[in-house]
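Visitor: I'm passing along data-v3.tsv; it holds TSV, C-alpha atoms and all ligand atoms.
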```
chain	number	residue	atom	x	y	z
A	189	MET	CA	-73.42	-1.98	31.00
A	190	LEU	CA	-72.31	0.98	33.05
A	191	GLU	CA	-71.02	-1.44	35.68
A	192	GLN	CA	-68.98	-3.31	33.10
A	193	LEU	CA	-67.56	0.00	31.94
A	194	GLU	CA	-66.46	0.89	35.46
A	195	THR	CA	-64.83	-2.52	36.07
A	196	GLN	CA	-63.00	-2.48	32.77
A	197	TYR	CA	-61.86	1.05	33.48
A	198	LYS	CA	-60.45	0.07	36.86
A	199	ASP	CA	-58.67	-2.95	35.39
A	200	ALA	CA	-57.20	-0.89	32.55
A	201	ALA	CA	-56.07	1.91	34.88
A	202	ALA	CA	-54.44	-0.62	37.21
A	203	ALA	CA	-52.75	-2.43	34.31
A	204	LEU	CA	-51.39	0.88	33.02
A	205	GLU	CA	-49.71	1.55	36.38
A	206	GLN	CA	-47.76	-1.70	36.05
A	207	ILE	CA	-46.38	-0.99	32.61
A	208	SER	CA	-42.70	-0.06	32.46
A	209	ASP	CA	-41.62	-0.44	28.83
A	210	SER	CA	-42.80	1.14	25.61
A	211	ALA	CA	-43.67	-2.16	23.88
A	212	ALA	CA	-46.17	-3.09	26.61
A	213	LEU	CA	-47.47	0.45	26.63
A	214	ALA	CA	-48.15	0.32	22.90
A	215	ALA	CA	-50.04	-2.97	23.37
A	216	TRP	CA	-52.14	-1.44	26.16
A	217	GLU	CA	-52.98	1.55	23.98
A	218	ARG	CA	-54.02	-0.71	21.10
A	219	ASP	CA	-56.30	-2.84	23.35
A	220	THR	CA	-57.87	0.10	25.19
A	221	LEU	CA	-58.02	3.35	23.28
A	222	GLY	CA	-57.12	2.06	19.82
A	223	ARG	CA	-59.65	1.64	17.01
A	224	GLY	CA	-60.18	-2.00	17.93
A	225	GLY	CA	-59.86	-1.40	21.69
A	226	TRP	CA	-62.61	-2.20	24.21
A	227	LEU	CA	-63.42	1.42	25.13
A	228	THR	CA	-63.78	2.44	21.52
A	229	GLY	CA	-65.99	-0.61	21.05
A	230	MET	CA	-68.22	0.40	23.95
A	231	LEU	CA	-68.56	3.97	22.72
A	232	ARG	CA	-69.49	2.66	19.31
A	233	GLY	CA	-72.20	0.48	20.96
A	234	VAL	CA	-74.01	3.40	22.63
A	235	GLY	CA	-76.62	3.40	19.86
A	236	GLN	CA	-77.76	-0.10	20.82
A	237	LEU	CA	-78.57	0.89	24.42
A	238	PRO	CA	-82.12	1.69	25.56
A	239	ALA	CA	-82.73	5.40	24.88
A	240	GLU	CA	-82.92	6.37	28.56
A	241	GLU	CA	-79.48	4.93	29.35
A	242	ARG	CA	-77.66	6.36	26.38
A	243	ALA	CA	-76.93	9.85	27.70
A	244	ALA	CA	-75.54	8.78	31.06
A	245	PHE	CA	-73.45	5.95	29.58
A	246	GLY	CA	-72.08	8.13	26.79
A	247	LYS	CA	-71.15	10.86	29.24
A	248	ARG	CA	-69.40	8.47	31.62
A	249	ALA	CA	-67.61	6.62	28.82
A	250	ASN	CA	-66.28	9.89	27.44
A	251	GLU	CA	-65.10	10.98	30.90
A	252	LEU	CA	-63.26	7.69	31.31
A	253	LYS	CA	-61.77	7.98	27.86
A	254	VAL	CA	-60.38	11.40	28.78
A	255	ALA	CA	-59.06	10.03	32.07
A	256	LEU	CA	-57.41	7.01	30.44
A	257	THR	CA	-55.91	9.12	27.65
A	258	GLY	CA	-54.43	11.48	30.24
A	259	ALA	CA	-53.06	8.59	32.28
A	260	TYR	CA	-51.66	6.99	29.15
A	261	GLU	CA	-49.85	10.17	28.11
A	262	ALA	CA	-48.39	10.63	31.58
A	263	ARG	CA	-47.22	7.03	31.59
A	264	GLU	CA	-45.72	7.40	28.15
A	265	GLU	CA	-43.70	10.39	29.24
A	266	LEU	CA	-42.46	8.58	32.34
A	267	ILE	CA	-41.41	5.50	30.40
A	268	LYS	CA	-39.61	7.57	27.80
A	269	ALA	CA	-37.68	9.40	30.50
A	270	GLN	CA	-36.77	6.11	32.19
A	271	GLU	CA	-35.64	4.54	28.95
A	272	LEU	CA	-33.53	7.57	28.08
A	273	ALA	CA	-31.89	7.47	31.52
A	274	ARG	CA	-31.19	3.74	31.12
A	275	ASN	CA	-29.75	4.30	27.65
A	276	LEU	CA	-27.46	7.03	28.84
A	277	GLU	CA	-26.23	4.90	31.68
A	278	GLU	CA	-25.61	1.82	29.55
A	279	GLY	CA	-23.99	3.79	26.75
A	280	GLN	CA	-21.66	5.64	29.03
A	281	ILE	CA	-18.13	5.98	27.63
A	282	ASP	CA	-15.17	5.14	29.80
A	283	VAL	CA	-12.57	7.56	28.55
A	284	THR	CA	-9.89	5.84	30.61
A	285	LEU	CA	-10.10	2.63	28.55
A	286	PRO	CA	-7.22	2.13	26.11
A	287	GLY	CA	-8.11	2.84	22.47
A	288	ARG	CA	-8.68	0.05	19.99
A	289	PRO	CA	-5.84	0.14	17.48
A	290	ARG	CA	-6.85	0.19	13.84
A	291	PRO	CA	-4.42	-1.96	11.88
A	292	THR	CA	-2.90	-0.04	9.01
A	293	GLY	CA	-0.75	-1.41	6.24
A	294	GLY	CA	2.84	-0.37	5.74
A	295	LEU	CA	5.10	0.01	2.77
A	296	HIS	CA	7.23	-2.97	1.82
A	297	PRO	CA	10.89	-2.36	2.71
A	298	SER	CA	11.82	-2.53	-0.98
A	299	THR	CA	9.17	0.06	-1.81
A	300	GLN	CA	10.57	2.34	0.88
A	301	THR	CA	14.08	2.05	-0.56
A	302	LEU	CA	12.80	2.55	-4.12
A	303	ARG	CA	10.94	5.70	-3.08
A	304	GLN	CA	14.02	7.04	-1.34
A	305	PHE	CA	16.04	6.35	-4.49
A	306	ALA	CA	13.51	8.08	-6.71
A	307	HIS	CA	13.42	11.06	-4.37
A	308	VAL	CA	17.18	11.54	-4.26
A	309	TRP	CA	17.64	11.03	-8.00
A	310	ALA	CA	14.75	13.41	-8.72
A	311	ASP	CA	16.60	16.11	-6.76
A	312	MET	CA	19.54	15.55	-9.12
A	313	GLY	CA	17.35	15.90	-12.21
A	314	PHE	CA	16.67	12.23	-12.99
A	315	GLN	CA	13.10	11.39	-13.96
A	316	VAL	CA	11.58	7.93	-13.63
A	317	PHE	CA	11.24	5.99	-16.87
A	318	ARG	CA	9.18	2.80	-16.63
A	319	SER	CA	10.29	0.05	-18.93
A	320	ARG	CA	8.73	-3.37	-19.47
A	321	GLU	CA	9.27	-6.50	-17.39
A	322	VAL	CA	8.51	-8.79	-20.31
A	323	GLU	CA	11.29	-8.12	-22.79
A	324	ASP	CA	12.60	-9.48	-26.02
A	325	ASP	CA	15.92	-11.21	-26.20
A	326	ASP	CA	17.30	-8.59	-28.59
A	327	THR	CA	16.73	-5.69	-26.23
A	328	ASN	CA	17.73	-7.57	-23.10
A	329	PHE	CA	20.99	-8.81	-24.64
A	330	THR	CA	21.90	-8.20	-28.28
A	331	LEU	CA	21.32	-4.44	-28.38
A	332	LEU	CA	23.28	-4.15	-25.13
A	333	ASN	CA	26.33	-5.53	-26.89
A	334	MET	CA	25.70	-9.14	-25.92
A	335	PRO	CA	25.17	-10.97	-29.23
A	336	PRO	CA	23.99	-14.61	-29.17
A	337	HIS	CA	26.64	-16.89	-27.63
A	338	HIS	CA	28.27	-13.96	-25.84
A	339	PRO	CA	29.70	-15.44	-22.61
A	340	ALA	CA	28.13	-12.69	-20.47
A	341	ARG	CA	24.69	-14.14	-21.25
A	342	ASP	CA	25.55	-17.11	-19.04
A	343	MET	CA	25.83	-14.87	-15.99
A	344	GLN	CA	22.12	-14.07	-16.29
A	345	ASP	CA	20.15	-17.31	-16.34
A	346	THR	CA	17.04	-16.35	-18.21
A	347	PHE	CA	13.35	-17.16	-17.87
A	348	TYR	CA	12.23	-17.92	-21.43
A	349	THR	CA	8.60	-18.07	-22.50
A	350	THR	CA	7.06	-20.41	-25.06
A	351	GLU	CA	6.99	-17.42	-27.41
A	352	PRO	CA	10.28	-17.21	-29.34
A	353	ASN	CA	12.39	-14.17	-28.38
A	354	VAL	CA	10.06	-13.23	-25.48
A	355	ILE	CA	11.73	-13.42	-22.06
A	356	LEU	CA	11.47	-11.90	-18.59
A	357	ARG	CA	14.07	-9.18	-18.31
A	358	THR	CA	17.14	-10.28	-16.39
A	359	HIS	CA	18.15	-6.71	-15.57
A	360	THR	CA	16.83	-3.15	-16.06
A	361	SER	CA	19.55	-2.28	-18.61
A	362	PRO	CA	17.32	-3.01	-21.67
A	363	GLY	CA	15.35	0.01	-20.48
A	364	GLN	CA	18.36	2.08	-21.55
A	365	ILE	CA	17.64	1.17	-25.18
A	366	ARG	CA	13.93	1.92	-24.80
A	367	ALA	CA	14.56	5.23	-23.02
A	368	MET	CA	17.02	6.35	-25.72
A	369	ARG	CA	14.65	5.38	-28.51
A	370	GLU	CA	11.55	6.88	-26.88
A	371	LEU	CA	13.00	10.04	-25.36
A	372	GLY	CA	16.00	10.72	-27.60
A	373	GLU	CA	14.07	11.93	-30.66
A	374	ASP	CA	16.42	10.13	-33.06
A	375	GLY	CA	19.50	10.84	-31.05
A	376	THR	CA	19.02	14.58	-30.74
A	377	LYS	CA	17.97	15.08	-27.11
A	378	PRO	CA	19.89	14.63	-23.85
A	379	ILE	CA	18.46	12.20	-21.29
A	380	ARG	CA	18.59	11.86	-17.53
A	381	VAL	CA	16.46	9.01	-16.19
A	382	ILE	CA	16.35	6.26	-13.60
A	383	LEU	CA	14.62	3.00	-14.46
A	384	PRO	CA	13.39	1.12	-11.41
A	385	GLY	CA	11.69	-2.23	-11.71
A	386	MET	CA	11.51	-5.96	-11.11
A	387	CYS	CA	13.96	-8.33	-12.78
A	388	TYR	CA	13.88	-12.12	-13.00
A	389	ARG	CA	16.55	-14.79	-13.14
A	390	TYR	CA	16.23	-18.55	-13.36
A	391	GLU	CA	18.44	-19.26	-10.41
A	392	GLN	CA	18.65	-21.45	-7.35
A	393	ILE	CA	16.93	-19.53	-4.54
A	394	THR	CA	19.30	-19.12	-1.61
A	395	ALA	CA	19.85	-16.68	1.23
A	396	ARG	CA	21.80	-14.52	-1.19
A	397	SER	CA	19.92	-14.85	-4.48
A	398	GLU	CA	16.26	-14.74	-5.43
A	399	ILE	CA	14.57	-15.41	-8.76
A	400	GLN	CA	13.02	-11.96	-8.62
A	401	PHE	CA	14.57	-8.73	-7.39
A	402	HIS	CA	14.49	-5.03	-8.14
A	403	GLN	CA	17.10	-3.01	-9.93
A	404	VAL	CA	17.37	0.72	-10.35
A	405	GLU	CA	19.10	1.56	-13.58
A	406	GLY	CA	20.36	5.06	-14.28
A	407	LEU	CA	21.15	6.67	-17.63
A	408	ALA	CA	22.50	10.08	-18.56
A	409	ILE	CA	23.13	10.98	-22.20
A	410	GLY	CA	24.59	14.29	-23.34
A	411	ARG	CA	27.16	15.91	-25.56
A	412	ASN	CA	29.94	16.24	-23.07
A	413	ILE	CA	29.43	13.65	-20.41
A	414	ARG	CA	32.62	12.24	-18.95
A	415	MET	CA	33.71	9.73	-16.40
A	416	THR	CA	34.16	12.54	-13.84
A	417	ASP	CA	30.45	13.30	-14.18
A	418	LEU	CA	29.67	9.68	-13.38
A	419	LYS	CA	31.97	9.64	-10.37
A	420	GLY	CA	30.70	12.94	-9.02
A	421	THR	CA	27.06	12.00	-9.53
A	422	ILE	CA	27.40	8.62	-7.80
A	423	ALA	CA	29.36	10.21	-4.94
A	424	ALA	CA	26.65	12.86	-4.51
A	425	PHE	CA	24.01	10.13	-4.44
A	426	ALA	CA	25.96	8.16	-1.81
A	427	ARG	CA	26.23	11.27	0.39
A	428	ARG	CA	22.46	11.75	0.17
A	429	MET	CA	21.75	8.08	0.98
A	430	PHE	CA	24.41	7.38	3.61
A	431	GLY	CA	25.32	10.75	5.10
A	432	ALA	CA	27.45	13.79	4.23
A	433	ASP	CA	30.74	12.07	5.03
A	434	ALA	CA	30.10	8.93	2.98
A	435	GLN	CA	33.21	7.82	1.09
A	436	VAL	CA	33.05	6.00	-2.25
A	437	ARG	CA	35.64	4.18	-4.30
A	438	PHE	CA	35.57	2.95	-7.89
A	439	ARG	CA	37.04	-0.37	-8.99
A	440	ALA	CA	37.66	-1.31	-12.61
A	441	SER	CA	35.22	-3.98	-13.76
A	442	TYR	CA	33.60	-5.35	-16.88
A	443	PHE	CA	30.09	-5.04	-18.30
A	444	PRO	CA	29.42	-5.57	-22.01
A	445	PHE	CA	27.29	-2.41	-22.28
A	446	THR	CA	29.74	0.04	-20.69
A	447	GLU	CA	33.34	0.94	-21.49
A	448	PRO	CA	35.11	1.58	-19.26
A	449	SER	CA	33.16	-0.18	-16.51
A	450	MET	CA	33.40	0.20	-12.76
A	451	GLU	CA	31.98	-1.19	-9.61
A	452	VAL	CA	31.26	1.30	-6.85
A	453	ASP	CA	31.85	0.69	-3.16
A	454	VAL	CA	30.76	2.87	-0.26
A	455	GLU	CA	32.68	2.87	2.97
A	456	CYS	CA	30.89	0.50	5.35
A	457	PHE	CA	28.34	2.61	7.20
A	458	LEU	CA	28.34	0.22	10.15
A	459	CYS	CA	32.03	0.12	11.02
A	460	HIS	CA	33.16	3.22	9.07
A	461	GLY	CA	35.92	1.32	7.38
A	462	ASP	CA	37.28	-0.52	10.42
A	463	GLY	CA	35.99	-3.87	9.21
A	464	CYS	CA	32.97	-5.82	10.50
A	465	ARG	CA	30.87	-8.87	9.73
A	466	VAL	CA	28.58	-7.00	7.29
A	467	CYS	CA	31.43	-5.72	5.10
A	468	LYS	CA	33.28	-9.00	5.58
A	469	TYR	CA	36.12	-7.08	7.25
A	470	SER	CA	36.95	-5.19	4.05
A	471	GLY	CA	35.61	-1.83	5.26
A	472	TRP	CA	33.68	-1.40	1.98
A	473	LEU	CA	30.24	-2.33	0.66
A	474	GLU	CA	29.56	-2.75	-3.04
A	475	ILE	CA	26.56	-0.62	-4.04
A	476	CYS	CA	26.38	-0.58	-7.83
A	477	GLY	CA	27.81	-1.34	-11.24
A	478	SER	CA	28.42	1.53	-13.61
A	479	GLY	CA	30.34	2.80	-16.60
A	480	MET	CA	30.40	4.96	-19.70
A	481	VAL	CA	27.74	3.86	-22.17
A	482	HIS	CA	29.36	1.65	-24.82
A	483	PRO	CA	29.42	3.19	-28.34
A	484	VAL	CA	27.52	0.16	-29.68
A	485	VAL	CA	24.75	0.78	-27.14
A	486	LEU	CA	24.62	4.50	-27.96
A	487	ARG	CA	24.28	3.66	-31.64
A	488	ASN	CA	21.53	1.11	-30.91
A	489	GLY	CA	19.70	3.83	-29.00
A	490	GLY	CA	19.88	6.14	-32.01
A	491	TYR	CA	22.80	8.34	-30.93
A	492	ASP	CA	26.00	9.14	-32.84
A	493	PRO	CA	28.81	8.08	-30.45
A	494	SER	CA	31.24	10.56	-32.02
A	495	VAL	CA	28.99	13.38	-30.77
A	496	TRP	CA	27.11	11.96	-27.79
A	497	SER	CA	28.32	10.19	-24.69
A	498	GLY	CA	26.76	9.04	-21.46
A	499	PHE	CA	27.04	7.10	-18.26
A	500	ALA	CA	24.91	4.34	-16.78
A	501	PHE	CA	24.63	2.62	-13.45
A	502	GLY	CA	22.68	-0.21	-11.89
A	503	PHE	CA	21.73	-0.59	-8.22
A	504	GLY	CA	20.23	-3.58	-6.39
A	505	PRO	CA	17.85	-2.03	-3.86
A	506	GLU	CA	17.18	-5.29	-2.00
A	507	ARG	CA	20.88	-5.79	-1.45
A	508	MET	CA	21.17	-2.23	-0.26
A	509	THR	CA	18.16	-2.64	2.08
A	510	MET	CA	19.75	-5.79	3.48
A	511	LEU	CA	22.95	-3.93	4.24
A	512	MET	CA	21.15	-0.97	5.79
A	513	HIS	CA	18.99	-3.10	8.10
A	514	GLY	CA	21.26	-6.08	8.70
A	515	ILE	CA	18.87	-8.47	6.91
A	516	GLU	CA	20.71	-11.73	6.37
A	517	ASP	CA	18.42	-13.58	3.99
A	518	ILE	CA	16.99	-12.16	0.76
A	519	ARG	CA	14.15	-14.73	0.82
A	520	TYR	CA	12.37	-12.63	3.47
A	521	PHE	CA	11.56	-10.01	0.84
A	522	TRP	CA	9.01	-12.09	-1.06
A	523	GLY	CA	8.11	-14.52	1.73
A	524	ASN	CA	5.11	-12.39	2.81
A	525	ASP	CA	5.84	-13.09	6.46
A	526	LEU	CA	4.23	-10.27	8.46
A	527	ARG	CA	6.72	-10.77	11.28
A	528	PHE	CA	9.37	-9.56	8.85
A	529	LEU	CA	7.35	-6.91	7.05
A	530	GLU	CA	5.94	-5.29	10.19
A	531	GLN	CA	9.43	-4.32	11.28
A	532	PHE	CA	9.68	-1.64	8.62
M	1	LIG	N1	22.81	-4.73	-15.63
M	1	LIG	C1	23.83	-5.06	-14.66
M	1	LIG	C2	23.45	-6.31	-13.93
M	1	LIG	O1	22.34	-6.71	-13.96
M	1	LIG	C3	24.04	-3.93	-13.71
M	1	LIG	C4	24.68	-2.75	-14.34
M	1	LIG	C5	26.04	-2.63	-14.38
M	1	LIG	C6	23.92	-1.76	-14.91
M	1	LIG	C7	26.66	-1.56	-14.96
M	1	LIG	C8	24.54	-0.67	-15.52
M	1	LIG	C9	25.91	-0.59	-15.52
M	1	LIG	O2	23.84	0.30	-16.09
M	1	LIG	O3	26.51	0.48	-16.11
M	1	LIG	O4	24.23	-6.89	-13.25
```
Output the file's structure in the form of structure tokens.
Guide:
Amino acid sequence: MLEQLETQYKDAAAALEQISDSAALAAWERDTLGRGGWLTGMLRGVGQLPAEERAAFGKRANELKVALTGAYEAREELIKAQELARNLEEGQIDVTLPGRPRPTGGLHPSTQTLRQFAHVWADMGFQVFRSREVEDDDTNFTLLNMPPHHPARDMQDTFYTTEPNVILRTHTSPGQIRAMRELGEDGTKPIRVILPGMCYRYEQITARSEIQFHQVEGLAIGRNIRMTDLKGTIAAFARRMFGADAQVRFRASYFPFTEPSMEVDVECFLCHGDGCRVCKYSGWLEICGSGMVHPVVLRNGGYDPSVWSGFAFGFGPERMTMLMHGIEDIRYFWGNDLRFLEQF
């Protein structure tokens, strides 16, 4: 029995010397010193030995257990140190490697222009008023001085719904009526708002026209607002958008909801008036429609036109973005082509 103990001890000690990873070490511990291990088994069997052998065997077995435990602990420490060293080496960081870029999204070019608009108009005291995209025919047309069969309705090919009188707004101007009715407190309060938002027209999609596009409407209502206020305000806006020396000019025009009406041009910011491809050699770029709010519209908004007056304007931010960046096709805006969008 004692002989067997000595042989097994030698084998176990030799096996331990060969072990170089913690999984094998754990297995060795389980088979040797563990509760089911051979040494533990032998110690448990001491009672079955003849009485005269018990003392010597028990003593020797305990000595060997101490020796093996010590060897095991030393081995464990060595393996841990080796594994740590290996880990550190493998996990070493090469700080000279280029970083991995994390893709981040960007703002759509229209959103960027809209935010710039809102910022500049906010500085001039215009708050954002959000109006609805799904409108009724009355607000989109009739209340803006375009009764049924008015010829100006033909200019704005409309998306109708199956619900009578419910349409997609063809411009942001119906928001004028809603702003006056919601903010005007029955025609007693002045208003200064911009109304940005998506508009929809049932049109052939081409490089120059889309079925959806943004507009930024503006509306100022007060007791003494005149055409000079409109001209000065638009000119101030143009200087903020296009630079301190931006020139604007006003051309007489027609819109049913303003009287008088004007279209506003800014001197071409590419050629500074000399004439180029973008301004079609005119030296000017059209930036918005505008005018003094028509008395019919004021009345429909709840204001007495003999006391109150106002001006309104309407910008097309996609058109403006196209001019500013030399974009030649409006279809890029909603084409979701990253090669286009990533340029902004
Ligand atoms: N609603 C017009 C359109 O869609 C743009 C416009 C012109 C708005 C003149 C205005 C304005 O407020 O005064 O073409």
Visitor: Show me, as lines of an AutoDock Vina configuration file, the centre and edge lengths in Å to one decimal of the axis-aligned box that covers every listed atom of ligand LIG 1 (chain M) with 5 Å on each side.
Guide:
```
center_x = 24.5
center_y = -3.2
center_z = -14.7
size_x = 14.3
size_y = 17.4
size_z = 12.9
```
Visitor: Tell me which protein, DNA and RNA residues are within 9 Å of segment 331-336 of chain A, counting only C-alpha atoms, leaving out same-chain ones fewer than 2 positions away, and put them as a PyMOL selection string.
Guide: chain A and resi 325-329+338-341+361-362+364-365+444-446+482+484-485+488-489
Visitor: For segment 190-207 of chain A, find every residue with an atom within 7 Å (counting only C-alpha atoms), except residues of its own chain fewer than 2 positions away, and show them as a VMD selection string.
Guide: chain A and resid 209 212 to 213 245 256
Visitor: Can you list every residue of segment 425-503 of chain A that has an atom at most 8 Å from segment 366-379 of chain A, with its nearest atom pair and the distance in Å to one decimal, using only C-alpha atoms, ordered by chain then number, as a Markdown table?
Guide:
```
| residue | atom | partner | partner_atom | distance |
| --- | --- | --- | --- | --- |
| A:Gly489 | CA | A:Met368 | CA | 4.9 |
| A:Gly490 | CA | A:Gly375 | CA | 4.8 |
| A:Tyr491 | CA | A:Gly375 | CA | 4.1 |
| A:Asp492 | CA | A:Gly375 | CA | 7.0 |
```
Visitor: Enumerate residues in contact with ligand LIG 1 (chain M): an atom-to-atom distance of at most 9 Å, counting only C-alpha atoms and all ligand atoms. Format the result as number ranges by chain.
Guide: A: 343-344, 358-362, 364, 387, 403-407, 441-447, 449-451, 476-481, 499-504
Visitor: Would you compute the distance between atom CA of Glu261 of chain A and atom CA of Glu277 of chain A? Give it in Å to one decimal.
Guide: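 That distance, rounded to one decimal, is 24.5 Å.
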Visitor: Please measure the separation of atom CA of Leu356 of chain A and atom CA of Ile393 of chain A, giving the value in Å to one decimal.
Guide: 16.9 Å
Visitor: I need the residue nearest Gly258 of chain A from this list: A:Ile413, A:Ala243, A:Ala306, A:Leu221. Use all atoms listed in the file for the distance.
Guide: A:Leu221
Visitor: Work out how far atom CA of Val316 of chain A is from atom CA of Glu391 of chain A, in Å to one decimal.
Guide: 28.2 Å
Visitor: Considering only C-alpha atoms, state which residue in the set A:Asp417, A:Asp462, A:Glu217, A:Asp324 is at the smallest distance from Tyr348 of chain A.
Guide: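 Once distances to Tyr348 of chain A are computed over only C-alpha atoms, the minimum belongs to A:Asp324.
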Visitor: Please provide the set of residues having any atom within 9 Å of Phe401 of chain A, restricted to only C-alpha atoms, with same-chain residues fewer than 3 positions apart removed, written as a VMD selection string.
Guide: chain A and resid 385 to 389 397 to 398 504 to 506 521
Visitor: Given all atoms listed in the file as the basis, pick out the residue of A:Gly410, A:Asp311, A:Gly431, A:Ile382 nearest to Pro493 of chain A.
Guide: A:Gly410
Visitor: With distances taken over all atoms listed in the file, which residue among A:Glu455, A:Arg437, A:Ala310, A:Thr220 lies nearest Gly420 of chain A?
Guide: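 Of all the options, A:Arg437 lies closest to Gly420 of chain A.
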Visitor: Between A:Asn353, A:Ile267, A:Ala395, A:Cys459, which has the minimum distance to Ala214 of chain A (counting only C-alpha atoms)?
Guide: A:Ile267
